[in-house]
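File shown: coords20.cif (mmCIF, C-alpha atoms).
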data_my_file
#
loop_
_atom_site.label_atom_id
_atom_site.label_comp_id
_atom_site.auth_asym_id
_atom_site.auth_seq_id
_atom_site.Cartn_x
_atom_site.Cartn_y
_atom_site.Cartn_z
CA MET A 1 136.74 77.31 -181.01
CA ALA A 2 133.06 77.50 -180.02
CA GLY A 3 133.10 73.79 -179.27
CA VAL A 4 136.05 74.22 -176.91
CA ALA A 5 134.26 77.03 -175.07
CA LEU A 6 131.12 74.92 -174.74
CA GLY A 7 133.14 71.99 -173.53
CA PHE A 8 135.05 74.10 -171.03
CA LEU A 9 132.09 76.08 -169.64
CA GLY A 10 129.62 73.28 -170.03
CA LEU A 11 126.32 73.26 -171.79
CA PRO A 12 124.28 74.39 -168.69
CA ALA A 13 126.09 77.74 -168.82
CA LEU A 14 124.32 78.60 -172.08
CA ILE A 15 121.12 76.60 -171.73
CA LYS A 16 118.98 76.72 -168.59
CA SER A 17 118.78 73.26 -167.11
CA PRO A 18 115.28 72.05 -166.09
CA THR A 19 116.76 70.86 -162.79
CA ALA A 20 118.51 74.17 -162.02
CA ARG A 21 116.97 76.05 -159.11
CA PRO A 22 116.63 79.83 -159.11
CA ALA A 23 118.59 81.76 -156.53
CA PRO A 24 116.52 82.27 -153.35
CA THR A 25 114.98 85.70 -152.92
CA GLU A 26 114.11 87.43 -149.69
CA THR A 27 110.41 88.03 -149.07
CA VAL A 28 109.15 90.63 -146.61
CA TYR A 29 105.55 90.61 -145.43
CA VAL A 30 103.93 93.71 -143.97
CA THR A 31 100.66 93.36 -142.13
CA VAL A 32 98.52 96.47 -141.96
CA ALA A 33 95.36 96.54 -139.88
CA PRO A 34 92.73 99.05 -141.00
CA SER A 35 91.96 101.71 -138.42
CA ALA A 36 88.41 102.45 -137.44
CA PRO A 37 87.21 106.04 -137.68
CA ALA A 38 87.37 108.00 -134.43
CA PRO A 39 84.03 107.96 -132.60
CA ALA A 40 82.16 111.24 -132.48
CA ALA A 41 82.36 112.95 -129.12
CA SER A 42 79.39 114.89 -127.81
CA ALA A 43 81.38 116.85 -125.23
CA PRO A 44 85.04 117.80 -124.86
CA GLY A 45 87.11 115.16 -123.16
CA PRO A 46 88.51 111.75 -123.94
CA SER A 47 86.45 109.13 -125.71
CA ALA A 48 85.24 106.35 -123.42
CA SER A 49 85.56 103.64 -126.05
CA GLY A 50 89.18 104.34 -126.90
CA PRO A 51 90.28 106.62 -129.71
CA SER A 52 91.92 105.68 -132.95
CA ALA A 53 94.41 107.66 -134.98
CA PRO A 54 92.86 109.30 -138.05
CA GLY A 55 94.46 108.98 -141.46
CA PRO A 56 96.45 111.71 -143.19
CA GLY A 57 94.45 114.70 -144.34
CA ALA A 58 91.61 113.89 -141.95
CA SER A 59 90.25 116.61 -139.77
CA GLN A 60 89.03 116.31 -136.23
CA ALA A 61 86.58 118.46 -134.36
CA PRO A 62 87.43 119.81 -130.93
CA GLY A 63 86.80 117.11 -128.35
CA ALA A 64 88.13 114.33 -130.57
CA THR A 65 90.83 112.20 -128.95
CA THR A 66 93.74 110.46 -130.64
CA THR A 67 96.12 108.01 -128.99
CA LEU A 68 99.74 108.61 -130.01
CA THR A 69 102.69 106.32 -129.34
CA LEU A 70 105.95 108.25 -129.28
CA PRO A 71 109.28 106.43 -129.46
CA ARG A 72 112.49 108.29 -128.65
CA ASP A 73 113.33 111.13 -131.06
CA TYR A 74 109.75 111.45 -132.30
CA GLY A 75 107.08 114.00 -131.67
CA PHE A 76 103.93 115.42 -133.14
CA ARG A 77 102.46 118.57 -134.49
CA LEU A 78 98.88 119.66 -134.63
CA ARG A 79 98.35 120.14 -138.33
CA GLU A 80 94.83 120.64 -139.63
CA ALA A 81 93.62 119.72 -136.15
CA VAL A 82 95.08 116.20 -136.44
CA PRO A 83 98.11 115.20 -134.37
CA THR A 84 100.71 113.89 -136.80
CA VAL A 85 103.57 111.75 -135.38
CA GLU A 86 106.89 112.40 -137.06
CA ARG A 87 110.61 111.88 -136.58
CA ARG A 88 112.40 114.79 -134.88
CA SER A 89 112.48 117.92 -137.05
CA ASP A 90 112.28 121.68 -136.62
CA ALA A 91 108.60 121.58 -137.61
CA LEU A 92 107.37 119.67 -134.52
CA ASP A 93 105.19 121.26 -131.85
CA PHE A 94 105.78 118.59 -129.20
CA TYR A 95 108.88 116.42 -128.90
CA ARG A 96 110.07 113.40 -126.92
CA ASP A 97 113.70 112.40 -126.30
CA SER A 98 115.15 109.72 -124.01
CA SER A 99 114.28 111.46 -120.73
CA THR A 100 111.74 114.27 -121.33
CA VAL A 101 108.87 115.61 -123.41
CA TRP A 102 108.57 119.29 -124.22
CA ALA A 103 106.87 121.90 -126.39
CA ASP A 104 108.76 123.36 -129.33
CA ASN A 105 108.24 126.14 -131.90
CA GLY A 106 106.76 128.61 -129.44
CA GLY A 107 104.47 126.04 -127.82
CA ARG A 108 103.84 125.70 -124.07
CA ILE A 109 103.02 122.98 -121.59
CA VAL A 110 100.68 123.96 -118.75
CA ALA A 111 100.72 121.79 -115.62
CA LEU A 112 97.26 120.84 -114.34
CA GLU A 113 96.33 119.99 -110.77
CA PRO A 114 94.38 116.72 -110.40
CA GLN A 115 91.16 118.57 -109.45
CA GLU A 116 91.30 120.98 -112.42
CA PRO A 117 89.11 120.17 -115.42
CA GLY A 118 90.92 119.64 -118.71
CA THR A 119 88.86 122.20 -120.62
CA LEU A 120 89.75 124.91 -123.09
CA ALA A 121 88.83 127.59 -120.51
CA THR A 122 91.15 126.02 -117.92
CA CYS A 123 94.01 125.64 -120.40
CA ARG A 124 93.67 129.29 -121.41
CA ALA A 125 93.53 130.55 -117.80
CA VAL A 126 96.17 128.46 -115.99
CA THR A 127 99.69 129.88 -116.13
CA ARG A 128 101.72 127.09 -114.50
CA PHE A 129 103.99 126.77 -117.53
CA VAL A 130 106.65 124.08 -117.47
CA GLU A 131 109.51 123.81 -119.91
CA LYS A 132 109.81 120.02 -119.88
CA VAL A 133 108.14 116.99 -118.33
CA ARG A 134 110.37 114.09 -117.27
CA ILE A 135 109.39 110.69 -118.70
CA GLU A 136 109.42 109.02 -115.27
CA SER A 137 106.79 111.49 -114.06
CA LEU A 138 104.40 110.48 -116.86
CA GLN A 139 102.36 108.09 -114.78
CA THR A 140 98.86 106.82 -115.40
CA GLY A 141 96.42 109.71 -115.07
CA THR A 142 98.95 112.52 -115.57
CA ARG A 143 97.32 115.40 -117.47
CA PHE A 144 98.59 118.68 -118.85
CA CYS A 145 97.56 121.27 -121.39
CA PHE A 146 99.56 121.80 -124.52
CA GLU A 147 99.37 124.98 -126.59
CA THR A 148 101.08 125.27 -129.97
CA GLY A 149 102.90 128.41 -131.01
CA LYS A 150 99.92 129.11 -133.30
CA GLY A 151 97.38 129.00 -130.46
CA ALA A 152 95.85 125.51 -130.84
CA PHE A 153 95.10 123.80 -127.50
CA ALA A 154 95.10 120.12 -126.62
CA LEU A 155 94.67 118.19 -123.39
CA VAL A 156 97.36 115.51 -123.08
CA GLU A 157 96.65 112.54 -120.81
CA VAL A 158 98.79 109.53 -119.99
CA PRO A 159 96.71 106.31 -120.11
CA LYS A 160 99.56 104.16 -118.73
CA ASP A 161 102.96 104.72 -117.12
CA GLY A 162 105.59 106.26 -119.39
CA ASP A 163 108.41 104.58 -121.27
CA ALA A 164 107.12 101.02 -121.32
CA ALA A 165 109.45 99.29 -123.79
CA GLY A 166 110.83 102.61 -125.00
CA PHE A 167 107.49 104.22 -125.91
CA VAL A 168 105.36 106.93 -124.36
CA VAL A 169 101.62 106.60 -124.99
CA LEU A 170 99.59 109.83 -124.90
CA ASP A 171 95.90 110.53 -125.40
CA VAL A 172 95.63 113.91 -127.13
CA THR A 173 92.24 115.62 -126.99
CA LEU A 174 91.86 118.66 -129.20
CA LEU A 175 90.22 121.53 -127.34
CA GLY A 176 90.18 124.41 -129.84
CA SER A 177 92.23 127.56 -130.29
CA ARG A 178 92.62 131.09 -128.94
#

Let's see the structure in the file written out as structure tokens.
Amino acid sequence: MAGVALGFLGLPALIKSPTARPAPTETVYVTVAPSAPAPAASAPGPSASGPSAPGPGASQAPGATTTLTLPRDYGFRLREAVPTVERRSDALDFYRDSSTVWADNGGRIVALEPQEPGTLATCRAVTRFVEKVRIESLQTGTRFCFETGKGAFALVEVPKDGDAAGFVVLDVTLLGSR
């Protein structure tokens, strides 16, 4: 009976043929570029050489700037003084949807006039609170203060017009807290 089974199924079914090719497998390559540490800032304000995003668990001093790229339904929170970009959740301080950005969890956005300095003192004193900022109004040079519900302040600046290819790019400079 074994001979009939071998004859019916064929010998290659039981013995691997040297000419048999393995089934193709899918290979995925991920390229990760190391990020440089953020340059030290001597005074509050954005870094002139261009900021980089710090790694998880890192801590930034006031005056340090991080560039964040927010796609739709993402936001950030200021945790341990480092802006952390995350998918939409109830834990976010600042959120972006398809048409607006806004503060969440007791946070506030404070509109700044072009002539006003983006300092901690200005952000504490100005009371032009806005609920939301429309994406189309996020043009190069737009600046506003952002205060979390826990009293941490950041200056948010737009380095280039909003919603290019579905992303909003923001430079976030940590200013301190109440």

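For A:Leu92, the set of protein, DNA and RNA residues having any atom at most 9 Å away, when counting only C-alpha atoms and skipping those fewer than 6 positions along the same chain, is A:Tyr74, A:Gly75, A:Phe76, A:Arg77, A:Leu78, A:Val85, A:Glu86, A:Ala103, A:Asp104, A:Asn105.
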
Atom CA of A:Phe167 to atom CA of A:Val133 measures 14.9 Å

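Considering the residues A:Arg108, A:Arg124, A:Arg134, A:Arg79 and counting all atoms listed in the file, A:Ser177 has its shortest atom-to-atom contact with A:Arg124.
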
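Each of A:Ala64, A:Val82, A:Cys145, A:Leu138 was compared to A:Pro159 using only C-alpha atoms, and A:Leu138 turns out to be the nearest.
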
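Residues with any atom within 12 Å of A:Asp73, counting all atoms listed in the file and excluding same-chain neighbours fewer than 5 positions away, are Val85, Glu86, Arg87, Arg88, Ser89, Asp90, Leu92, Phe94, Tyr95, Arg96, Asp97, Ser98, Ser99, Thr100, Val101, Trp102, Gly166, Phe167 and Val168 of chain A.
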
One decimal place gives the atom CA of A:Phe153-atom CA of A:Thr173 separation as 8.7 Å

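Separating atom CA of A:Cys123 from atom CA of A:Arg72 is a distance of 26.7 Å.
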
With distances taken over all atoms listed in the file, the candidate from A:Glu147, A:Asp93, A:Asp171, A:Glu136 nearest A:Ala111 is A:Glu147

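Proximity to A:Gly176 was assessed for A:Ser137, A:Gly151, A:Leu68, A:Gln115 counting all atoms listed in the file; the smallest distance is recorded for A:Gly151.
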
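With all atoms listed in the file as the atoms that count, the minimum distance from A:Val110 to the choices A:Ala125, A:Ala154, A:Val130, A:Val172 is reached by A:Val130.
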
- Given the file shown, enumerate the residues that the PyMOL selection byres ((chain A and resi 161) around 6) captures and present them as a VMD selection string. chain A and resid 138 to 140 160 162
